[in-house]
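Just below is one structure, and these are the notes that go with it.
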Amino acid sequence: MREQRSPWVLPQVTWPYLPLCFPSKTGLITMVGYGSVMQEKLKLLKAVAVTNRGLLASPRVQAELDQLIRQLEAQNPTANPAQTPELLSGCWQLLYTTSTDVLGLGRLPGVSLGQVYQVIQADKNRVYNIAEAQGIPWLEGLLAVKARFEVVNPMRVAIYFEQSMLALQNLVDYQNPTQWLERLEQEPPLPMLQIPLDSGRSQGWLDITYLDIDLRINRGDKANVFVLARV
């Protein structure tokens with residue numbers, strides 16, 4: 001049986017030793033002065049840990065968190081973050097957001113918002129947003145949105161939403177985002193509801209304002225902020 005994680009508990013995030021700098025395909029990611037960045041990161045992580053992804057953040061707390069986020073953004077160690085696929089690619093877990101679209105999922109009656117992930121496949125210009133929904137035992141749900149992205153400039157990507165997917169976790173043998181996407185892309189159609197989206201109308205953009213090996217901050221076209229940790 002798959003272990004259920006409480007949506008109130010954030011994953012432990014650790015940072016291995018880093019050199020002063022290391023190369024990327026689009027430039028040099030500097031780590032000089034990374035000690036001060038680490039302090040800002042830890043301060044932010046402690047602050048968002050008690051907000052349940054932002055569901056419990058009052059306007060005053062949101063303002064305080066925005067200041068912490070801006071302090072970290074000012075020390076972004078990655079030049080041209082939108083053009084650094086080796087750092088962007090992977091599975092990212094949402095730690096905090098101000099997005100009402102995401103937070104609204106946690107306010108539906110009878111539903112508890114589980115973990116929320118974003119999986120980026122930079123080599124395919126593909127992104128998946130995945131939200132776990134918890135409620136009645138054995139009827140845990142899954143909401144996913146499939147999109148493609150294009151790099152607009154060194155910081156910004158345009159997002160074109162293509163498909164929404166609704167499923168019961170048990171019916172599609174959902175264990176984690178990476179495992180589920182591998183099944184989704186390789187096997188015959190899974191038992192779930194798939195709703196095509198008009199990517200010409202369903203689109204937006206994201207500015208990647210901070211990026212390192214395990215933390216990413218985005219600001220979107222609706223003036224929302226997203227803080228994510230690599231898992």
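If you're wondering about the labels, chains in the structure tokens are A, B, ... by order shown, residues count from 1 in each chain, ligands from 1 in order shown.
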Taking a cut-off of 12 Å and counting only C-alpha atoms, can you build a table that, for each residue of stretch 54-107 of chain A near stretch 195-212 of chain A, reports the nearest atom pair and how far apart they are in Å (one decimal), sorted by chain then residue number, as a tab-separated table?
```
residue	atom	partner	partner_atom	distance
A:Ile69	CA	A:Tyr210	CA	9.1
A:Arg70	CA	A:Thr209	CA	9.0
A:Gln71	CA	A:Tyr210	CA	10.4
A:Leu72	CA	A:Tyr210	CA	7.4
A:Glu73	CA	A:Tyr210	CA	5.3
A:Ala74	CA	A:Tyr210	CA	8.3
A:Gln75	CA	A:Tyr210	CA	7.9
A:Asn76	CA	A:Tyr210	CA	4.9
A:Pro77	CA	A:Asp212	CA	6.7
A:Thr78	CA	A:Leu211	CA	5.9
A:Ala79	CA	A:Leu211	CA	8.9
A:Asn80	CA	A:Ile208	CA	9.0
A:Pro81	CA	A:Leu211	CA	6.3
A:Ala82	CA	A:Ile208	CA	6.4
A:Gln83	CA	A:Ile208	CA	10.1
A:Thr84	CA	A:Leu211	CA	9.3
A:Pro85	CA	A:Leu211	CA	11.1
A:Glu86	CA	A:Asp212	CA	10.5
A:Leu87	CA	A:Asp212	CA	6.9
A:Leu88	CA	A:Leu211	CA	8.0
A:Ser89	CA	A:Leu211	CA	11.4
A:Trp92	CA	A:Leu211	CA	11.7
```
Contacts of A:Phe149 at 8 Å or less, counting only C-alpha atoms, minus same-chain residues fewer than 3 places along, as a PyMOL selection string?
-> chain A and resi 125-127+157-160
Write out as a ChimeraX atom specification the residues lying within 12 Å of A:Ala47, counting only C-alpha atoms and excluding same-chain residues fewer than 6 positions away.
-> /A:10,40-41,53-54,56-57,61-69,95-96,227
Write a file of the just-selected residues containing all heavy atoms, as a compact mmCIF listing (two decimals), in the first residue's frame.
```txt
# COMPACT_ATOMS: atom_id res chain seq x y z
N LEU A 10 6.06 19.29 5.00
CA LEU A 10 6.90 19.55 3.84
C LEU A 10 8.09 18.60 3.85
O LEU A 10 8.53 18.14 4.90
CB LEU A 10 7.40 21.00 3.87
CG LEU A 10 6.31 22.06 3.75
CD1 LEU A 10 6.95 23.44 3.81
CD2 LEU A 10 5.54 21.91 2.46
N GLU A 40 19.17 32.87 3.52
CA GLU A 40 17.89 33.39 3.03
C GLU A 40 16.95 32.25 2.67
O GLU A 40 15.74 32.32 2.91
CB GLU A 40 18.12 34.29 1.81
CG GLU A 40 18.96 35.53 2.09
CD GLU A 40 18.29 36.51 3.03
OE1 GLU A 40 17.04 36.44 3.18
OE2 GLU A 40 18.99 37.35 3.61
N LYS A 41 17.49 31.19 2.10
CA LYS A 41 16.67 30.04 1.73
C LYS A 41 16.07 29.38 2.97
O LYS A 41 14.87 29.09 3.00
CB LYS A 41 17.51 29.01 0.96
CG LYS A 41 17.84 29.41 -0.46
CD LYS A 41 18.77 28.42 -1.13
CE LYS A 41 18.17 27.08 -1.34
NZ LYS A 41 19.04 26.19 -2.17
N ARG A 53 1.15 25.44 2.07
CA ARG A 53 1.22 25.86 0.67
C ARG A 53 0.65 27.25 0.42
O ARG A 53 0.51 27.67 -0.72
CB ARG A 53 0.53 24.87 -0.27
CG ARG A 53 1.37 23.69 -0.73
CD ARG A 53 1.60 22.70 0.37
NE ARG A 53 0.38 22.22 0.97
CZ ARG A 53 -0.41 21.27 0.45
NH1 ARG A 53 -0.09 20.71 -0.68
NH2 ARG A 53 -1.48 20.86 1.08
N GLY A 54 0.26 27.96 1.47
CA GLY A 54 -0.34 29.27 1.31
C GLY A 54 -1.79 29.30 1.74
O GLY A 54 -2.38 30.39 1.87
N LEU A 56 -3.02 28.84 4.60
CA LEU A 56 -3.17 29.45 5.92
C LEU A 56 -2.53 30.83 6.00
O LEU A 56 -2.44 31.39 7.09
CB LEU A 56 -2.58 28.54 6.99
CG LEU A 56 -3.15 27.11 7.07
CD1 LEU A 56 -2.45 26.31 8.17
CD2 LEU A 56 -4.65 27.15 7.32
N ALA A 57 -2.09 31.35 4.89
CA ALA A 57 -1.38 32.64 4.89
C ALA A 57 -2.38 33.80 4.81
O ALA A 57 -3.11 33.92 3.83
CB ALA A 57 -0.39 32.70 3.74
N VAL A 61 0.72 37.88 6.39
CA VAL A 61 1.76 36.87 6.22
C VAL A 61 2.22 36.83 4.77
O VAL A 61 3.42 36.68 4.49
CB VAL A 61 1.25 35.50 6.68
CG1 VAL A 61 2.24 34.39 6.30
CG2 VAL A 61 1.01 35.49 8.18
N GLN A 62 1.30 36.96 3.83
CA GLN A 62 1.68 36.98 2.42
C GLN A 62 2.65 38.12 2.13
O GLN A 62 3.62 37.94 1.39
CB GLN A 62 0.44 37.13 1.53
CG GLN A 62 -0.40 35.87 1.43
CD GLN A 62 -1.58 36.06 0.48
OE1 GLN A 62 -1.94 37.17 0.11
NE2 GLN A 62 -2.19 34.96 0.07
N ALA A 63 2.39 39.28 2.72
CA ALA A 63 3.28 40.43 2.51
C ALA A 63 4.66 40.17 3.10
O ALA A 63 5.69 40.51 2.49
CB ALA A 63 2.66 41.68 3.12
N GLU A 64 4.70 39.55 4.28
CA GLU A 64 5.98 39.24 4.91
C GLU A 64 6.76 38.21 4.07
O GLU A 64 7.98 38.34 3.89
CB GLU A 64 5.75 38.71 6.32
CG GLU A 64 5.18 39.76 7.28
CD GLU A 64 4.81 39.17 8.63
OE1 GLU A 64 4.83 37.91 8.74
OE2 GLU A 64 4.48 39.94 9.55
N LEU A 65 6.05 37.21 3.57
CA LEU A 65 6.70 36.20 2.75
C LEU A 65 7.20 36.79 1.44
O LEU A 65 8.25 36.40 0.93
CB LEU A 65 5.74 35.05 2.48
CG LEU A 65 5.43 34.14 3.68
CD1 LEU A 65 4.33 33.15 3.32
CD2 LEU A 65 6.67 33.41 4.14
N ASP A 66 6.44 37.73 0.89
CA ASP A 66 6.87 38.35 -0.35
C ASP A 66 8.19 39.08 -0.17
O ASP A 66 9.04 39.07 -1.07
CB ASP A 66 5.80 39.32 -0.85
CG ASP A 66 6.09 39.82 -2.26
OD1 ASP A 66 6.07 38.99 -3.19
OD2 ASP A 66 6.34 41.02 -2.43
N GLN A 67 8.39 39.67 0.99
CA GLN A 67 9.66 40.34 1.26
C GLN A 67 10.81 39.34 1.32
O GLN A 67 11.89 39.58 0.77
CB GLN A 67 9.57 41.13 2.57
CG GLN A 67 8.70 42.37 2.49
CD GLN A 67 9.23 43.37 1.48
OE1 GLN A 67 10.43 43.68 1.44
NE2 GLN A 67 8.35 43.88 0.63
N LEU A 68 10.57 38.21 1.98
CA LEU A 68 11.60 37.17 2.05
C LEU A 68 11.91 36.62 0.65
O LEU A 68 13.07 36.36 0.32
CB LEU A 68 11.13 36.03 2.96
CG LEU A 68 10.99 36.35 4.45
CD1 LEU A 68 10.46 35.14 5.20
CD2 LEU A 68 12.32 36.80 5.04
N ILE A 69 10.88 36.44 -0.14
CA ILE A 69 11.07 35.92 -1.49
C ILE A 69 11.88 36.90 -2.33
O ILE A 69 12.80 36.52 -3.06
CB ILE A 69 9.70 35.63 -2.14
CG1 ILE A 69 9.04 34.43 -1.45
CG2 ILE A 69 9.85 35.37 -3.64
CD1 ILE A 69 7.60 34.20 -1.86
N LEU A 95 5.76 24.37 -2.47
CA LEU A 95 5.88 24.69 -1.05
C LEU A 95 4.98 25.86 -0.65
O LEU A 95 4.46 25.89 0.47
CB LEU A 95 7.32 25.05 -0.69
CG LEU A 95 8.41 24.02 -1.00
CD1 LEU A 95 9.76 24.50 -0.48
CD2 LEU A 95 8.07 22.66 -0.40
N TYR A 96 4.80 26.80 -1.59
CA TYR A 96 4.00 27.99 -1.26
C TYR A 96 3.56 28.66 -2.55
O TYR A 96 4.29 28.69 -3.55
CB TYR A 96 4.84 28.98 -0.45
CG TYR A 96 4.16 30.31 -0.23
CD1 TYR A 96 3.16 30.46 0.73
CD2 TYR A 96 4.51 31.43 -1.00
CE1 TYR A 96 2.52 31.68 0.91
CE2 TYR A 96 3.88 32.65 -0.81
CZ TYR A 96 2.89 32.77 0.15
OH TYR A 96 2.26 33.98 0.32
N VAL A 227 6.72 28.97 -5.02
CA VAL A 227 7.98 28.50 -4.46
C VAL A 227 7.95 26.97 -4.50
O VAL A 227 7.04 26.35 -3.95
CB VAL A 227 8.19 28.99 -3.02
CG1 VAL A 227 9.52 28.47 -2.47
CG2 VAL A 227 8.14 30.52 -2.95
```
What is the distance, in Å and to one decimal place, between atom CA of A:Gln93 and atom CA of A:Thr178?
->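 Spanning atom CA of A:Gln93 to atom CA of A:Thr178 is a straight-line distance of 11.9 Å.
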Which residues, written as a list in words, have at least one atom at most 6 Å from A:Ala131, with only C-alpha atoms counted and residues fewer than 3 positions away on the same chain left out?
-> Val116, Leu142 and Leu143 of chain A
Selection from above, all heavy atoms, as a compact mmCIF listing (two decimals), in the first residue's frame, can you write it?
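And here's selection_19.txt as it stands now:
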```txt
# COMPACT_ATOMS: atom_id res chain seq x y z
N VAL A 116 1.22 18.92 -4.28
CA VAL A 116 1.09 19.52 -5.61
C VAL A 116 2.48 19.53 -6.24
O VAL A 116 3.45 19.96 -5.61
CB VAL A 116 0.52 20.95 -5.55
CG1 VAL A 116 0.42 21.55 -6.95
CG2 VAL A 116 -0.85 20.95 -4.86
N LEU A 142 -6.88 12.62 -8.48
CA LEU A 142 -5.70 13.15 -9.13
C LEU A 142 -6.17 14.13 -10.21
O LEU A 142 -7.01 13.79 -11.04
CB LEU A 142 -4.89 12.02 -9.76
CG LEU A 142 -3.46 12.33 -10.22
CD1 LEU A 142 -2.58 12.62 -9.01
CD2 LEU A 142 -2.90 11.15 -11.00
N LEU A 143 -5.64 15.34 -10.16
CA LEU A 143 -5.92 16.33 -11.20
C LEU A 143 -4.59 16.73 -11.83
O LEU A 143 -3.66 17.13 -11.13
CB LEU A 143 -6.61 17.56 -10.59
CG LEU A 143 -6.74 18.78 -11.52
CD1 LEU A 143 -7.62 18.45 -12.73
CD2 LEU A 143 -7.31 19.97 -10.75
```
Residue list (helix (DSSP H, G or I), DSSP) for stretch 37-223 of chain A, as a PyMOL selection string = chain A and resi 37-48+59-73+81-83+85-88+100-107+122-124+177-186
